[in-house]
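Visitor: For reference, the file start_9.cif (mmCIF, C-alpha atoms) is included below:
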data_start
#
loop_
_atom_site.label_atom_id
_atom_site.label_comp_id
_atom_site.auth_asym_id
_atom_site.auth_seq_id
_atom_site.Cartn_x
_atom_site.Cartn_y
_atom_site.Cartn_z
CA MET A 1 205.28 55.00 -28.94
CA LYS A 2 205.65 57.97 -31.22
CA LEU A 3 203.26 60.41 -32.83
CA SER A 4 204.13 61.42 -36.36
CA GLN A 5 205.59 64.88 -36.94
CA GLY A 6 202.53 65.59 -39.07
CA VAL A 7 200.47 66.04 -35.89
CA GLU A 8 202.55 69.06 -34.90
CA TRP A 9 202.38 70.54 -38.41
CA ALA A 10 198.62 70.02 -38.65
CA LEU A 11 198.02 71.63 -35.24
CA HIS A 12 200.17 74.64 -36.18
CA CYS A 13 198.32 75.02 -39.49
CA CYS A 14 194.93 74.88 -37.74
CA HIS A 15 196.16 77.30 -35.10
CA VAL A 16 197.24 79.88 -37.66
CA LEU A 17 194.05 79.43 -39.70
CA SER A 18 192.13 80.25 -36.51
CA GLN A 19 193.89 83.64 -36.50
CA LEU A 20 192.47 84.72 -39.87
CA PRO A 21 189.75 87.35 -40.10
CA GLU A 22 186.26 86.00 -40.89
CA GLY A 23 185.89 85.06 -44.55
CA SER A 24 189.58 84.94 -45.45
CA ALA A 25 191.82 82.00 -46.25
CA LEU A 26 195.52 81.16 -46.51
CA THR A 27 197.04 79.60 -49.59
CA LEU A 28 199.33 76.62 -49.36
CA ALA A 29 202.16 78.93 -50.48
CA GLN A 30 201.44 81.35 -47.63
CA LEU A 31 201.36 78.54 -45.06
CA ALA A 32 204.60 77.12 -46.44
CA GLU A 33 206.24 80.55 -46.31
CA LEU A 34 205.07 81.23 -42.75
CA TYR A 35 206.52 77.95 -41.46
CA ALA A 36 209.51 77.74 -43.83
CA ALA A 37 208.17 74.35 -44.94
CA THR A 38 207.74 72.81 -48.37
CA ALA A 39 204.29 73.12 -49.91
CA PRO A 40 203.97 69.42 -50.90
CA TYR A 41 204.74 68.36 -47.32
CA LEU A 42 202.11 70.68 -45.85
CA ALA A 43 199.64 69.77 -48.63
CA LYS A 44 199.67 66.15 -47.47
CA HIS A 45 198.58 67.14 -43.97
CA LEU A 46 196.06 69.72 -45.18
CA GLN A 47 194.46 67.08 -47.39
CA ALA A 48 194.09 64.81 -44.36
CA LEU A 49 192.54 67.67 -42.38
CA SER A 50 190.24 68.47 -45.29
CA ARG A 51 189.18 64.82 -45.63
CA ASP A 52 188.14 64.84 -41.97
CA GLY A 53 186.22 68.12 -42.23
CA VAL A 54 188.64 70.12 -40.09
CA VAL A 55 189.73 72.55 -42.81
CA GLU A 56 188.23 73.31 -46.19
CA ALA A 57 189.70 74.52 -49.45
CA VAL A 58 188.08 77.61 -50.93
CA SER A 59 188.59 78.36 -54.60
CA GLY A 60 188.78 81.77 -56.28
CA PRO A 61 191.22 84.68 -56.20
CA ASN A 62 191.03 84.97 -52.39
CA GLY A 63 190.87 81.22 -51.96
CA GLY A 64 193.02 78.89 -49.96
CA TYR A 65 192.52 76.94 -46.76
CA ARG A 66 190.37 77.97 -43.83
CA LEU A 67 188.92 76.15 -40.84
CA ALA A 68 185.74 74.30 -41.77
CA ARG A 69 184.11 75.24 -38.46
CA PRO A 70 184.69 77.79 -35.67
CA ALA A 71 187.99 77.14 -33.88
CA ALA A 72 186.12 76.66 -30.60
CA ASP A 73 184.25 73.72 -32.18
CA ILE A 74 187.35 71.88 -33.42
CA SER A 75 189.10 69.78 -30.79
CA VAL A 76 192.80 69.05 -30.74
CA LEU A 77 191.78 65.38 -30.83
CA GLU A 78 190.07 65.83 -34.22
CA VAL A 79 193.27 67.24 -35.68
CA VAL A 80 195.41 64.49 -34.14
CA GLU A 81 193.06 61.78 -35.42
CA ALA A 82 192.92 63.31 -38.91
CA ILE A 83 196.68 62.72 -39.12
CA GLU A 84 197.15 59.58 -37.01
CA GLY A 85 193.85 57.79 -37.53
CA ARG A 86 191.57 56.44 -34.86
CA SER A 87 193.19 53.06 -34.17
CA ALA A 88 194.12 52.31 -30.58
CA ALA A 89 197.85 52.55 -29.84
CA PHE A 90 197.59 49.28 -27.92
CA ARG A 91 196.44 46.38 -30.05
CA CYS A 92 195.38 43.33 -28.06
CA ALA A 93 196.56 40.12 -29.69
CA GLU A 94 194.64 37.99 -27.16
CA ILE A 95 197.79 36.45 -25.74
CA ARG A 96 195.63 35.07 -22.92
CA GLN A 97 194.02 32.73 -25.47
CA ARG A 98 197.33 31.15 -26.46
CA GLY A 99 199.06 28.05 -25.21
CA PRO A 100 198.16 25.02 -23.09
CA ALA A 101 196.21 26.95 -20.40
CA ALA A 102 193.87 28.58 -22.93
CA LEU A 103 190.16 27.81 -22.77
CA PRO A 104 187.53 27.91 -25.54
CA ALA A 105 186.99 31.47 -26.88
CA ALA A 106 183.55 31.61 -25.23
CA GLU A 107 185.27 31.88 -21.81
CA TYR A 108 186.75 35.25 -22.79
CA VAL A 109 183.68 37.45 -23.00
CA LEU A 110 185.14 40.58 -21.41
CA PRO A 111 188.30 42.25 -22.73
CA CYS A 112 191.55 41.09 -21.17
CA ALA A 113 192.46 42.99 -17.98
CA ILE A 114 195.71 44.10 -19.64
CA ALA A 115 193.92 45.49 -22.70
CA ALA A 116 191.33 47.15 -20.44
CA ALA A 117 194.09 48.95 -18.50
CA MET A 118 195.77 50.11 -21.69
CA TYR A 119 192.48 51.27 -23.23
CA ALA A 120 191.62 53.19 -20.04
CA ALA A 121 194.90 55.09 -20.39
CA GLU A 122 194.16 55.87 -24.04
CA ALA A 123 190.68 57.08 -23.10
CA ALA A 124 192.25 59.50 -20.61
CA TRP A 125 194.65 60.71 -23.32
CA ARG A 126 191.81 61.25 -25.78
CA GLU A 127 189.67 63.00 -23.17
CA VAL A 128 192.34 65.66 -22.56
CA LEU A 129 192.67 66.31 -26.30
CA ALA A 130 188.90 66.22 -26.89
CA ASN A 131 188.42 68.90 -24.24
CA ARG A 132 190.94 71.30 -25.75
CA SER A 133 189.92 73.25 -28.83
CA ILE A 134 191.92 75.06 -31.48
CA ALA A 135 190.56 78.30 -29.96
CA ASP A 136 192.02 77.23 -26.58
CA LEU A 137 195.43 76.79 -28.22
CA ALA A 138 195.27 80.31 -29.59
CA LEU A 139 194.34 81.68 -26.19
CA THR A 140 197.18 79.79 -24.53
CA THR A 141 199.62 80.99 -27.19
CA CYS A 142 198.61 84.60 -26.49
CA GLU A 143 199.26 84.03 -22.79
CA ARG A 144 202.49 82.07 -23.15
CA ALA A 145 204.18 83.89 -25.98
CA PRO A 146 202.28 87.17 -26.58
CA LYS A 147 204.99 88.71 -28.76
CA SER A 148 205.04 85.60 -30.94
CA ALA A 149 201.25 85.70 -31.28
CA ALA A 150 201.46 89.39 -32.25
CA ALA A 151 204.27 88.73 -34.75
CA THR A 152 202.17 86.02 -36.43
CA ARG A 153 199.17 88.35 -36.66
CA THR A 154 201.37 91.09 -38.18
CA TRP A 155 202.77 88.62 -40.72
CA LEU A 156 199.24 87.49 -41.62
CA GLU A 157 198.13 91.10 -42.20
CA ASP A 158 201.21 91.87 -44.32
CA SER A 159 200.80 88.67 -46.27
CA ALA A 160 197.11 89.44 -46.95
CA ARG A 161 198.10 92.93 -48.19
CA ARG A 162 200.80 91.54 -50.47
CA ARG A 163 198.23 89.13 -51.86
CA THR A 164 195.52 91.68 -52.66
CA PRO A 165 196.33 93.45 -55.95
CA ARG A 166 196.67 97.25 -55.61
CA GLY A 167 193.27 98.90 -55.90
CA ALA A 168 191.35 95.65 -55.55
CA GLY A 169 188.19 96.11 -53.52
CA LYS A 170 188.17 99.87 -54.10
CA GLN A 171 185.19 101.40 -55.76
CA SER A 172 185.68 104.32 -58.10
CA MET B 173 200.63 56.09 -32.82
CA LYS B 174 201.29 52.48 -32.00
CA LEU B 175 202.66 50.65 -29.00
CA SER B 176 204.93 47.74 -29.77
CA GLN B 177 203.58 44.23 -29.36
CA GLY B 178 206.29 43.72 -26.72
CA VAL B 179 204.23 45.75 -24.26
CA GLU B 180 201.47 43.15 -24.31
CA TRP B 181 203.95 40.28 -23.98
CA ALA B 182 205.79 41.96 -21.11
CA LEU B 183 202.55 42.65 -19.24
CA HIS B 184 201.40 39.05 -19.66
CA CYS B 185 204.77 37.76 -18.43
CA CYS B 186 204.64 40.01 -15.36
CA HIS B 187 201.03 39.02 -14.75
CA VAL B 188 201.83 35.31 -14.74
CA LEU B 189 204.95 35.80 -12.61
CA SER B 190 202.68 37.51 -10.06
CA GLN B 191 200.73 34.23 -9.81
CA LEU B 192 203.73 32.20 -8.60
CA PRO B 193 203.98 31.05 -5.00
CA GLU B 194 206.50 32.99 -2.88
CA GLY B 195 210.10 32.00 -3.63
CA SER B 196 209.46 30.28 -6.94
CA ALA B 197 210.37 31.30 -10.47
CA LEU B 198 209.49 30.44 -14.06
CA THR B 199 212.09 29.53 -16.63
CA LEU B 200 212.12 31.10 -20.05
CA ALA B 201 211.12 27.68 -21.44
CA GLN B 202 208.08 27.54 -19.14
CA LEU B 203 206.98 31.05 -20.10
CA ALA B 204 207.44 30.25 -23.78
CA GLU B 205 205.42 27.05 -23.38
CA LEU B 206 202.60 28.77 -21.49
CA TYR B 207 202.18 31.42 -24.18
CA ALA B 208 203.12 29.28 -27.20
CA ALA B 209 205.83 31.83 -27.98
CA THR B 210 209.47 31.43 -28.95
CA ALA B 211 211.99 31.68 -26.11
CA PRO B 212 214.30 34.18 -27.89
CA TYR B 213 211.39 36.56 -28.51
CA LEU B 214 210.29 36.47 -24.86
CA ALA B 215 213.93 36.67 -23.68
CA LYS B 216 214.29 40.06 -25.37
CA HIS B 217 211.37 41.48 -23.39
CA LEU B 218 212.41 39.81 -20.13
CA GLN B 219 215.87 41.33 -20.49
CA ALA B 220 214.29 44.78 -20.85
CA LEU B 221 212.16 44.13 -17.76
CA SER B 222 215.21 42.88 -15.87
CA ARG B 223 217.25 45.94 -16.89
CA ASP B 224 214.55 48.18 -15.42
CA GLY B 225 214.29 46.21 -12.18
CA VAL B 226 210.80 44.85 -12.84
CA VAL B 227 211.79 41.17 -12.96
CA GLU B 228 214.94 39.41 -11.82
CA ALA B 229 216.67 36.27 -12.99
CA VAL B 230 217.39 33.72 -10.27
CA SER B 231 220.04 31.06 -10.89
CA GLY B 232 220.12 27.51 -9.60
CA PRO B 233 218.02 24.36 -10.16
CA ASN B 234 214.78 26.17 -9.24
CA GLY B 235 215.86 29.36 -10.97
CA GLY B 236 214.19 31.39 -13.65
CA TYR B 237 212.42 34.70 -13.72
CA ARG B 238 210.40 36.21 -10.90
CA LEU B 239 209.09 39.69 -10.13
CA ALA B 240 211.79 41.83 -8.54
CA ARG B 241 209.27 43.39 -6.14
CA PRO B 242 205.75 42.62 -4.87
CA ALA B 243 203.21 42.79 -7.71
CA ALA B 244 201.32 45.54 -5.86
CA ASP B 245 204.47 47.71 -6.03
CA ILE B 246 205.00 47.36 -9.80
CA SER B 247 202.90 49.67 -11.91
CA VAL B 248 201.71 48.90 -15.41
CA LEU B 249 203.54 52.07 -16.44
CA GLU B 250 206.88 50.65 -15.30
CA VAL B 251 206.37 47.62 -17.53
CA VAL B 252 205.27 49.73 -20.49
CA GLU B 253 208.26 52.05 -20.08
CA ALA B 254 210.69 49.15 -19.75
CA ILE B 255 209.66 48.11 -23.26
CA GLU B 256 208.84 51.44 -24.92
CA GLY B 257 211.23 53.78 -23.12
CA ARG B 258 210.34 57.06 -21.47
CA SER B 259 210.39 59.42 -24.45
CA ALA B 260 207.28 61.49 -25.05
CA ALA B 261 205.13 60.30 -27.95
CA PHE B 262 204.80 63.91 -29.08
CA ARG B 263 208.13 65.51 -29.91
CA CYS B 264 207.99 69.27 -30.26
CA ALA B 265 210.11 70.49 -33.16
CA GLU B 266 209.50 74.15 -32.21
CA ILE B 267 207.68 74.89 -35.43
CA ARG B 268 206.64 78.22 -33.86
CA GLN B 269 210.27 79.33 -34.11
CA ARG B 270 210.43 78.81 -37.85
CA GLY B 271 209.85 81.22 -40.70
CA PRO B 272 209.53 84.98 -41.15
CA ALA B 273 207.27 85.58 -38.09
CA ALA B 274 209.71 83.90 -35.69
CA LEU B 275 211.28 85.94 -32.91
CA PRO B 276 214.59 85.44 -31.08
CA ALA B 277 214.60 82.20 -29.03
CA ALA B 278 214.47 84.21 -25.79
CA GLU B 279 210.84 85.09 -26.56
CA TYR B 280 209.83 81.43 -26.25
CA VAL B 281 210.38 80.75 -22.56
CA LEU B 282 207.31 78.59 -21.94
CA PRO B 283 206.60 75.46 -23.98
CA CYS B 284 204.46 75.93 -27.08
CA ALA B 285 200.71 75.74 -26.36
CA ILE B 286 200.47 72.83 -28.80
CA ALA B 287 203.22 70.86 -27.07
CA ALA B 288 201.70 71.69 -23.67
CA ALA B 289 198.32 70.25 -24.76
CA MET B 290 199.96 67.10 -26.11
CA TYR B 291 202.09 66.65 -22.98
CA ALA B 292 199.00 67.10 -20.77
CA ALA B 293 197.33 64.23 -22.62
CA GLU B 294 200.41 62.04 -22.19
CA ALA B 295 200.51 62.87 -18.49
CA ALA B 296 196.90 61.68 -18.19
CA TRP B 297 197.82 58.46 -20.03
CA ARG B 298 200.80 57.85 -17.75
CA GLU B 299 198.76 58.61 -14.64
CA VAL B 300 196.25 55.87 -15.43
CA LEU B 301 199.02 53.34 -15.98
CA ALA B 302 201.00 54.51 -12.93
CA ASN B 303 197.94 53.95 -10.74
CA ARG B 304 197.37 50.39 -11.88
CA SER B 305 199.64 47.68 -10.52
CA ILE B 306 200.43 44.18 -11.72
CA ALA B 307 198.46 42.96 -8.68
CA ASP B 308 195.45 44.95 -9.91
CA LEU B 309 195.69 43.20 -13.28
CA ALA B 310 195.60 39.82 -11.56
CA LEU B 311 192.56 40.84 -9.54
CA THR B 312 190.78 42.10 -12.65
CA THR B 313 191.64 38.90 -14.53
CA CYS B 314 190.09 36.84 -11.72
CA GLU B 315 186.93 38.92 -11.97
CA ARG B 316 186.72 39.06 -15.76
CA ALA B 317 187.79 35.58 -16.70
CA PRO B 318 187.78 33.44 -13.54
CA LYS B 319 188.04 30.13 -15.39
CA SER B 320 191.02 31.40 -17.37
CA ALA B 321 192.73 32.57 -14.16
CA ALA B 322 192.09 29.13 -12.61
CA ALA B 323 193.38 27.31 -15.72
CA THR B 324 196.60 29.34 -15.59
CA ARG B 325 197.08 28.54 -11.90
CA THR B 326 196.52 24.83 -12.60
CA TRP B 327 199.03 24.92 -15.45
CA LEU B 328 201.58 26.65 -13.18
CA GLU B 329 201.15 23.97 -10.50
CA ASP B 330 201.47 21.14 -13.04
CA SER B 331 204.47 22.79 -14.64
CA ALA B 332 206.16 23.21 -11.23
CA ARG B 333 205.55 19.50 -10.48
CA ARG B 334 206.98 18.43 -13.85
CA ARG B 335 210.02 20.54 -13.14
CA THR B 336 210.78 19.13 -9.69
CA PRO B 337 212.55 15.77 -9.96
CA ARG B 338 210.69 12.91 -8.30
CA GLY B 339 211.62 12.73 -4.63
CA ALA B 340 213.29 16.11 -4.59
CA GLY B 341 212.69 17.95 -1.36
CA LYS B 342 211.76 14.74 0.47
CA GLN B 343 213.76 13.80 3.50
CA SER B 344 214.44 10.16 4.16
#
So that I can check it, write out the structure of this file as structure tokens.

Guide:
Amino acid sequence: MKLSQGVEWALHCCHVLSQLPEGSALTLAQLAELYAATAPYLAKHLQALSRDGVVEAVSGPNGGYRLARPAADISVLEVVEAIEGRSAAFRCAEIRQRGPAALPAAEYVLPCAIAAAMYAAEAAWREVLANRSIADLALTTCERAPKSAAATRTWLEDSARRRTPRGAGKQS
Amino acid sequence: MKLSQGVEWALHCCHVLSQLPEGSALTLAQLAELYAATAPYLAKHLQALSRDGVVEAVSGPNGGYRLARPAADISVLEVVEAIEGRSAAFRCAEIRQRGPAALPAAEYVLPCAIAAAMYAAEAAWREVLANRSIADLALTTCERAPKSAAATRTWLEDSARRRTPRGAGKQS
């Protein structure tokens, strides 16, 4: 059982987008620079997140990606499912209905005990991820690696300054 | 995220082995017949289960596979891990240590908040499977599909009779 690497990238992108000041966005190029990743690779995951309403693309000179909702309202599960889909990891092939001891299908009303056990485990997995938000991740990052959280914020501020043309926003 | 089909096969094999009377075993051919599967395919999974001490191969005229321990002492997790291995589904690539905002490795003592959330979910998944035994599966099968459980037991008895040569075990 393996989760795709895209899950980690998508969670990091959402995490950093949660660090932006209200009303601002990060371009694909900024995200790629921050994570030393290629833009097309990140674009694939951002498109999946956008399709599922986790992030949104904003057009215009200060456009880019931003979270589609407050970080506290986006669960880790939503991000994981945007990348991995919602299919169960365990797929019951109804082995119990095979072979000489099998009965007519009508005798198998309830799910197989084996599938039920596997689904219960997946439900527990989903519950943990559903109860953790992108805002929680940011909080935990601040606690676990405060200097790293500060360095990211500094980079975001510098990057926003580099992006804004000199004099833009000033009124004469 | 997808579990291999072998997990379902291995769990069904362990489940049926738990239904055998004390001291008996099922041959690969019997298991393959019961599940209308090919012997080489099942053999691959039984070897993995044997390697992990879940089942054991018994030689001799009444030989075959049997559970290596009482069914109540074998967790569903052990069977799943025998087939899938013990690696985490989420593999942290330390994305936080990439790019221009990264700090020296010494600043990242604790696991990344993202990895910690994903590992917590996997721990919950494992806990459910660790707390369910092969004996529990048999009990649940009896409750959920009692006729199916009875049909399997009948098949096992018939198959054991077919296997024992006429007159074997009788004393003159």

Visitor: Output the coordinates of chain A after least-squares fitting to chain B on all in-order C-alpha pairs, as a compact mmCIF listing (two decimals) with C-alpha atoms, in the frame of the given file.

Guide:
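And here's superposed_13.txt as it stands now:
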# COMPACT_ATOMS: atom_id res chain seq x y z
CA MET A 1 200.60 56.08 -32.83
CA LYS A 2 201.29 52.48 -31.99
CA LEU A 3 202.66 50.65 -28.99
CA SER A 4 204.93 47.75 -29.77
CA GLN A 5 203.58 44.22 -29.34
CA GLY A 6 206.29 43.72 -26.73
CA VAL A 7 204.22 45.76 -24.25
CA GLU A 8 201.47 43.15 -24.31
CA TRP A 9 203.95 40.27 -23.97
CA ALA A 10 205.79 41.95 -21.10
CA LEU A 11 202.54 42.66 -19.23
CA HIS A 12 201.39 39.05 -19.66
CA CYS A 13 204.76 37.75 -18.43
CA CYS A 14 204.63 40.01 -15.36
CA HIS A 15 201.03 39.02 -14.74
CA VAL A 16 201.82 35.32 -14.75
CA LEU A 17 204.94 35.81 -12.61
CA SER A 18 202.67 37.51 -10.06
CA GLN A 19 200.73 34.23 -9.82
CA LEU A 20 203.72 32.20 -8.60
CA PRO A 21 203.98 31.05 -5.00
CA GLU A 22 206.49 33.00 -2.87
CA GLY A 23 210.08 32.00 -3.62
CA SER A 24 209.47 30.26 -6.94
CA ALA A 25 210.37 31.30 -10.46
CA LEU A 26 209.49 30.45 -14.06
CA THR A 27 212.09 29.53 -16.63
CA LEU A 28 212.12 31.11 -20.05
CA ALA A 29 211.12 27.69 -21.45
CA GLN A 30 208.09 27.53 -19.15
CA LEU A 31 206.99 31.05 -20.10
CA ALA A 32 207.44 30.25 -23.78
CA GLU A 33 205.43 27.04 -23.40
CA LEU A 34 202.61 28.77 -21.50
CA TYR A 35 202.19 31.43 -24.19
CA ALA A 36 203.12 29.28 -27.20
CA ALA A 37 205.83 31.84 -27.97
CA THR A 38 209.47 31.44 -28.94
CA ALA A 39 211.98 31.70 -26.12
CA PRO A 40 214.31 34.19 -27.89
CA TYR A 41 211.39 36.55 -28.51
CA LEU A 42 210.29 36.47 -24.87
CA ALA A 43 213.93 36.68 -23.69
CA LYS A 44 214.28 40.07 -25.37
CA HIS A 45 211.37 41.49 -23.38
CA LEU A 46 212.40 39.81 -20.13
CA GLN A 47 215.87 41.32 -20.48
CA ALA A 48 214.29 44.77 -20.84
CA LEU A 49 212.15 44.13 -17.75
CA SER A 50 215.20 42.88 -15.87
CA ARG A 51 217.25 45.93 -16.88
CA ASP A 52 214.54 48.17 -15.41
CA GLY A 53 214.28 46.20 -12.16
CA VAL A 54 210.80 44.84 -12.84
CA VAL A 55 211.78 41.17 -12.96
CA GLU A 56 214.93 39.41 -11.85
CA ALA A 57 216.67 36.26 -12.99
CA VAL A 58 217.40 33.71 -10.29
CA SER A 59 220.03 31.07 -10.92
CA GLY A 60 220.11 27.50 -9.61
CA PRO A 61 218.02 24.37 -10.18
CA ASN A 62 214.76 26.16 -9.26
CA GLY A 63 215.86 29.35 -10.97
CA GLY A 64 214.21 31.38 -13.66
CA TYR A 65 212.42 34.71 -13.71
CA ARG A 66 210.38 36.20 -10.90
CA LEU A 67 209.09 39.68 -10.13
CA ALA A 68 211.78 41.82 -8.53
CA ARG A 69 209.26 43.38 -6.14
CA PRO A 70 205.73 42.61 -4.89
CA ALA A 71 203.19 42.80 -7.72
CA ALA A 72 201.32 45.54 -5.86
CA ASP A 73 204.46 47.71 -6.03
CA ILE A 74 205.01 47.36 -9.79
CA SER A 75 202.89 49.68 -11.91
CA VAL A 76 201.70 48.90 -15.41
CA LEU A 77 203.53 52.08 -16.43
CA GLU A 78 206.88 50.63 -15.30
CA VAL A 79 206.37 47.61 -17.52
CA VAL A 80 205.26 49.73 -20.48
CA GLU A 81 208.26 52.06 -20.08
CA ALA A 82 210.69 49.14 -19.74
CA ILE A 83 209.64 48.10 -23.25
CA GLU A 84 208.85 51.43 -24.91
CA GLY A 85 211.22 53.78 -23.12
CA ARG A 86 210.34 57.04 -21.45
CA SER A 87 210.39 59.41 -24.43
CA ALA A 88 207.28 61.48 -25.03
CA ALA A 89 205.13 60.29 -27.94
CA PHE A 90 204.82 63.90 -29.08
CA ARG A 91 208.14 65.49 -29.92
CA CYS A 92 208.00 69.27 -30.26
CA ALA A 93 210.11 70.49 -33.16
CA GLU A 94 209.50 74.14 -32.22
CA ILE A 95 207.67 74.89 -35.44
CA ARG A 96 206.63 78.20 -33.86
CA GLN A 97 210.27 79.32 -34.10
CA ARG A 98 210.42 78.81 -37.86
CA GLY A 99 209.85 81.21 -40.70
CA PRO A 100 209.53 84.98 -41.15
CA ALA A 101 207.29 85.58 -38.09
CA ALA A 102 209.72 83.89 -35.68
CA LEU A 103 211.30 85.95 -32.91
CA PRO A 104 214.61 85.43 -31.08
CA ALA A 105 214.63 82.19 -29.03
CA ALA A 106 214.50 84.20 -25.78
CA GLU A 107 210.85 85.09 -26.55
CA TYR A 108 209.86 81.43 -26.24
CA VAL A 109 210.40 80.75 -22.56
CA LEU A 110 207.33 78.59 -21.94
CA PRO A 111 206.61 75.45 -23.98
CA CYS A 112 204.48 75.94 -27.06
CA ALA A 113 200.72 75.75 -26.35
CA ILE A 114 200.47 72.84 -28.80
CA ALA A 115 203.22 70.86 -27.07
CA ALA A 116 201.69 71.69 -23.67
CA ALA A 117 198.32 70.26 -24.78
CA MET A 118 199.94 67.11 -26.12
CA TYR A 119 202.08 66.64 -22.99
CA ALA A 120 199.00 67.10 -20.78
CA ALA A 121 197.33 64.23 -22.64
CA GLU A 122 200.41 62.04 -22.20
CA ALA A 123 200.50 62.87 -18.49
CA ALA A 124 196.89 61.68 -18.19
CA TRP A 125 197.81 58.46 -20.03
CA ARG A 126 200.78 57.85 -17.75
CA GLU A 127 198.75 58.61 -14.63
CA VAL A 128 196.22 55.87 -15.44
CA LEU A 129 199.01 53.33 -15.98
CA ALA A 130 200.99 54.50 -12.93
CA ASN A 131 197.94 53.95 -10.74
CA ARG A 132 197.36 50.38 -11.89
CA SER A 133 199.63 47.68 -10.53
CA ILE A 134 200.43 44.18 -11.72
CA ALA A 135 198.46 42.95 -8.67
CA ASP A 136 195.44 44.96 -9.91
CA LEU A 137 195.68 43.20 -13.28
CA ALA A 138 195.59 39.83 -11.57
CA LEU A 139 192.57 40.84 -9.54
CA THR A 140 190.78 42.10 -12.64
CA THR A 141 191.64 38.91 -14.52
CA CYS A 142 190.10 36.84 -11.71
CA GLU A 143 186.93 38.92 -11.96
CA ARG A 144 186.72 39.06 -15.75
CA ALA A 145 187.79 35.58 -16.70
CA PRO A 146 187.81 33.43 -13.52
CA LYS A 147 188.04 30.12 -15.38
CA SER A 148 191.02 31.41 -17.35
CA ALA A 149 192.72 32.56 -14.15
CA ALA A 150 192.09 29.13 -12.60
CA ALA A 151 193.37 27.32 -15.72
CA THR A 152 196.61 29.35 -15.59
CA ARG A 153 197.09 28.53 -11.90
CA THR A 154 196.51 24.82 -12.61
CA TRP A 155 199.04 24.92 -15.46
CA LEU A 156 201.57 26.65 -13.20
CA GLU A 157 201.15 23.96 -10.51
CA ASP A 158 201.47 21.14 -13.06
CA SER A 159 204.47 22.78 -14.66
CA ALA A 160 206.17 23.21 -11.26
CA ARG A 161 205.54 19.50 -10.51
CA ARG A 162 206.95 18.41 -13.87
CA ARG A 163 210.01 20.53 -13.15
CA THR A 164 210.78 19.15 -9.68
CA PRO A 165 212.59 15.80 -9.99
CA ARG A 166 210.76 12.90 -8.29
CA GLY A 167 211.70 12.73 -4.62
CA ALA A 168 213.35 16.14 -4.60
CA GLY A 169 212.67 17.99 -1.37
CA LYS A 170 211.77 14.79 0.47
CA GLN A 171 213.75 13.86 3.51
CA SER A 172 214.46 10.22 4.20

Visitor: With segment 17-29 of chain A as the partner and 12 Å as the cut-off, tabulate the residues of segment 68-125 of chain A that qualify, each row holding the nearest pair of atoms and their distance in Å to one decimal, using all atoms listed in the file, sorted by chain and rising number, as a Markdown table.

Guide:
| residue | atom | partner | partner_atom | distance |
| --- | --- | --- | --- | --- |
| A:Ala68 | CA | A:Leu17 | CA | 10.0 |
| A:Arg69 | CA | A:Ser18 | CA | 9.7 |
| A:Pro70 | CA | A:Ser18 | CA | 7.9 |
| A:Ala71 | CA | A:Ser18 | CA | 5.8 |
| A:Ala72 | CA | A:Ser18 | CA | 9.2 |
| A:Asp73 | CA | A:Ser18 | CA | 11.1 |
| A:Ile74 | CA | A:Ser18 | CA | 10.1 |

Visitor: With all atoms listed in the file counted and 8 Å as the cut-off, give the residues of chain B in contact with chain A, each with its shortest interatomic distance in Å and the pair that gives it, as a tab-separated table.

Guide:
residue	atom	partner	partner_atom	distance
B:Met173	CA	A:Leu3	CA	5.1
B:Lys174	CA	A:Ala89	CA	4.1
B:Leu175	CA	A:Met1	CA	5.1
B:Ser176	CA	A:Met1	CA	7.3
B:Gln177	CA	A:Arg91	CA	7.5
B:Glu180	CA	A:Cys92	CA	7.2
B:Trp181	CA	A:Ile95	CA	7.5
B:Leu183	CA	A:Ile114	CA	7.0
B:His184	CA	A:Ile95	CA	7.5
B:Glu205	CA	A:Gly99	CA	6.7
B:Leu206	CA	A:Gly99	CA	5.2
B:Tyr207	CA	A:Gly99	CA	4.7
B:Ala208	CA	A:Gly99	CA	4.7
B:Glu256	CA	A:Met1	CA	6.4
B:Ala260	CA	A:Lys2	CA	7.3
B:Ala261	CA	A:Lys2	CA	4.0
B:Phe262	CA	A:Leu3	CA	5.4
B:Arg263	CA	A:Gln5	CA	7.5
B:Cys264	CA	A:Glu8	CA	7.2
B:Ala265	CA	A:Glu8	CA	7.9
B:Ile267	CA	A:Tyr35	CA	6.9
B:Arg268	CA	A:Tyr35	CA	7.6
B:Arg270	CA	A:Tyr35	CA	5.4
B:Gly271	CA	A:Ala36	CA	4.7
B:Pro272	CA	A:Leu34	CA	6.0
B:Ala273	CA	A:Thr152	CA	5.4
B:Ala274	CA	A:Ser148	CA	6.9
B:Leu275	CA	A:Ser148	CA	6.6
B:Glu279	CA	A:Ala145	CA	6.8
B:Tyr280	CA	A:Ala145	CA	6.2
B:Val281	CA	A:Ala145	CA	7.7
B:Leu282	CA	A:Arg144	CA	6.1
B:Pro283	CA	A:Arg144	CA	7.8
B:Cys284	CA	A:Thr141	CA	7.0
B:Ala285	CA	A:Thr141	CA	5.4
B:Ile286	CA	A:Leu137	CA	6.4
B:Ala289	CA	A:Leu129	CA	7.1
B:Met290	CA	A:Leu129	CA	7.3
B:Ala292	CA	A:Val128	CA	7.0
B:Ala293	CA	A:Trp125	CA	4.5
B:Glu294	CA	A:Trp125	CA	6.0
B:Ala295	CA	A:Trp125	CA	7.9
B:Ala296	CA	A:Ala124	CA	5.7
B:Trp297	CA	A:Ala121	CA	4.5
B:Arg298	CA	A:Ala121	CA	7.0
B:Glu299	CA	A:Ala121	CA	7.8
B:Val300	CA	A:Ala121	CA	5.2
B:Leu301	CA	A:Ala121	CA	6.3
B:Arg304	CA	A:Ala117	CA	7.5
B:Leu309	CA	A:Ala113	CA	5.7
B:Ala310	CA	A:Ala113	CA	7.8
B:Thr312	CA	A:Ala113	CA	5.7
B:Thr313	CA	A:Ala113	CA	5.4
B:Arg316	CA	A:Leu110	CA	6.1
B:Ala317	CA	A:Tyr108	CA	6.2
B:Lys319	CA	A:Glu107	CA	7.2
B:Ser320	CA	A:Leu103	CA	6.5
B:Ala323	CA	A:Ala101	CA	5.5
B:Thr324	CA	A:Ala101	CA	5.4
B:Trp327	CA	A:Ala101	CA	6.0
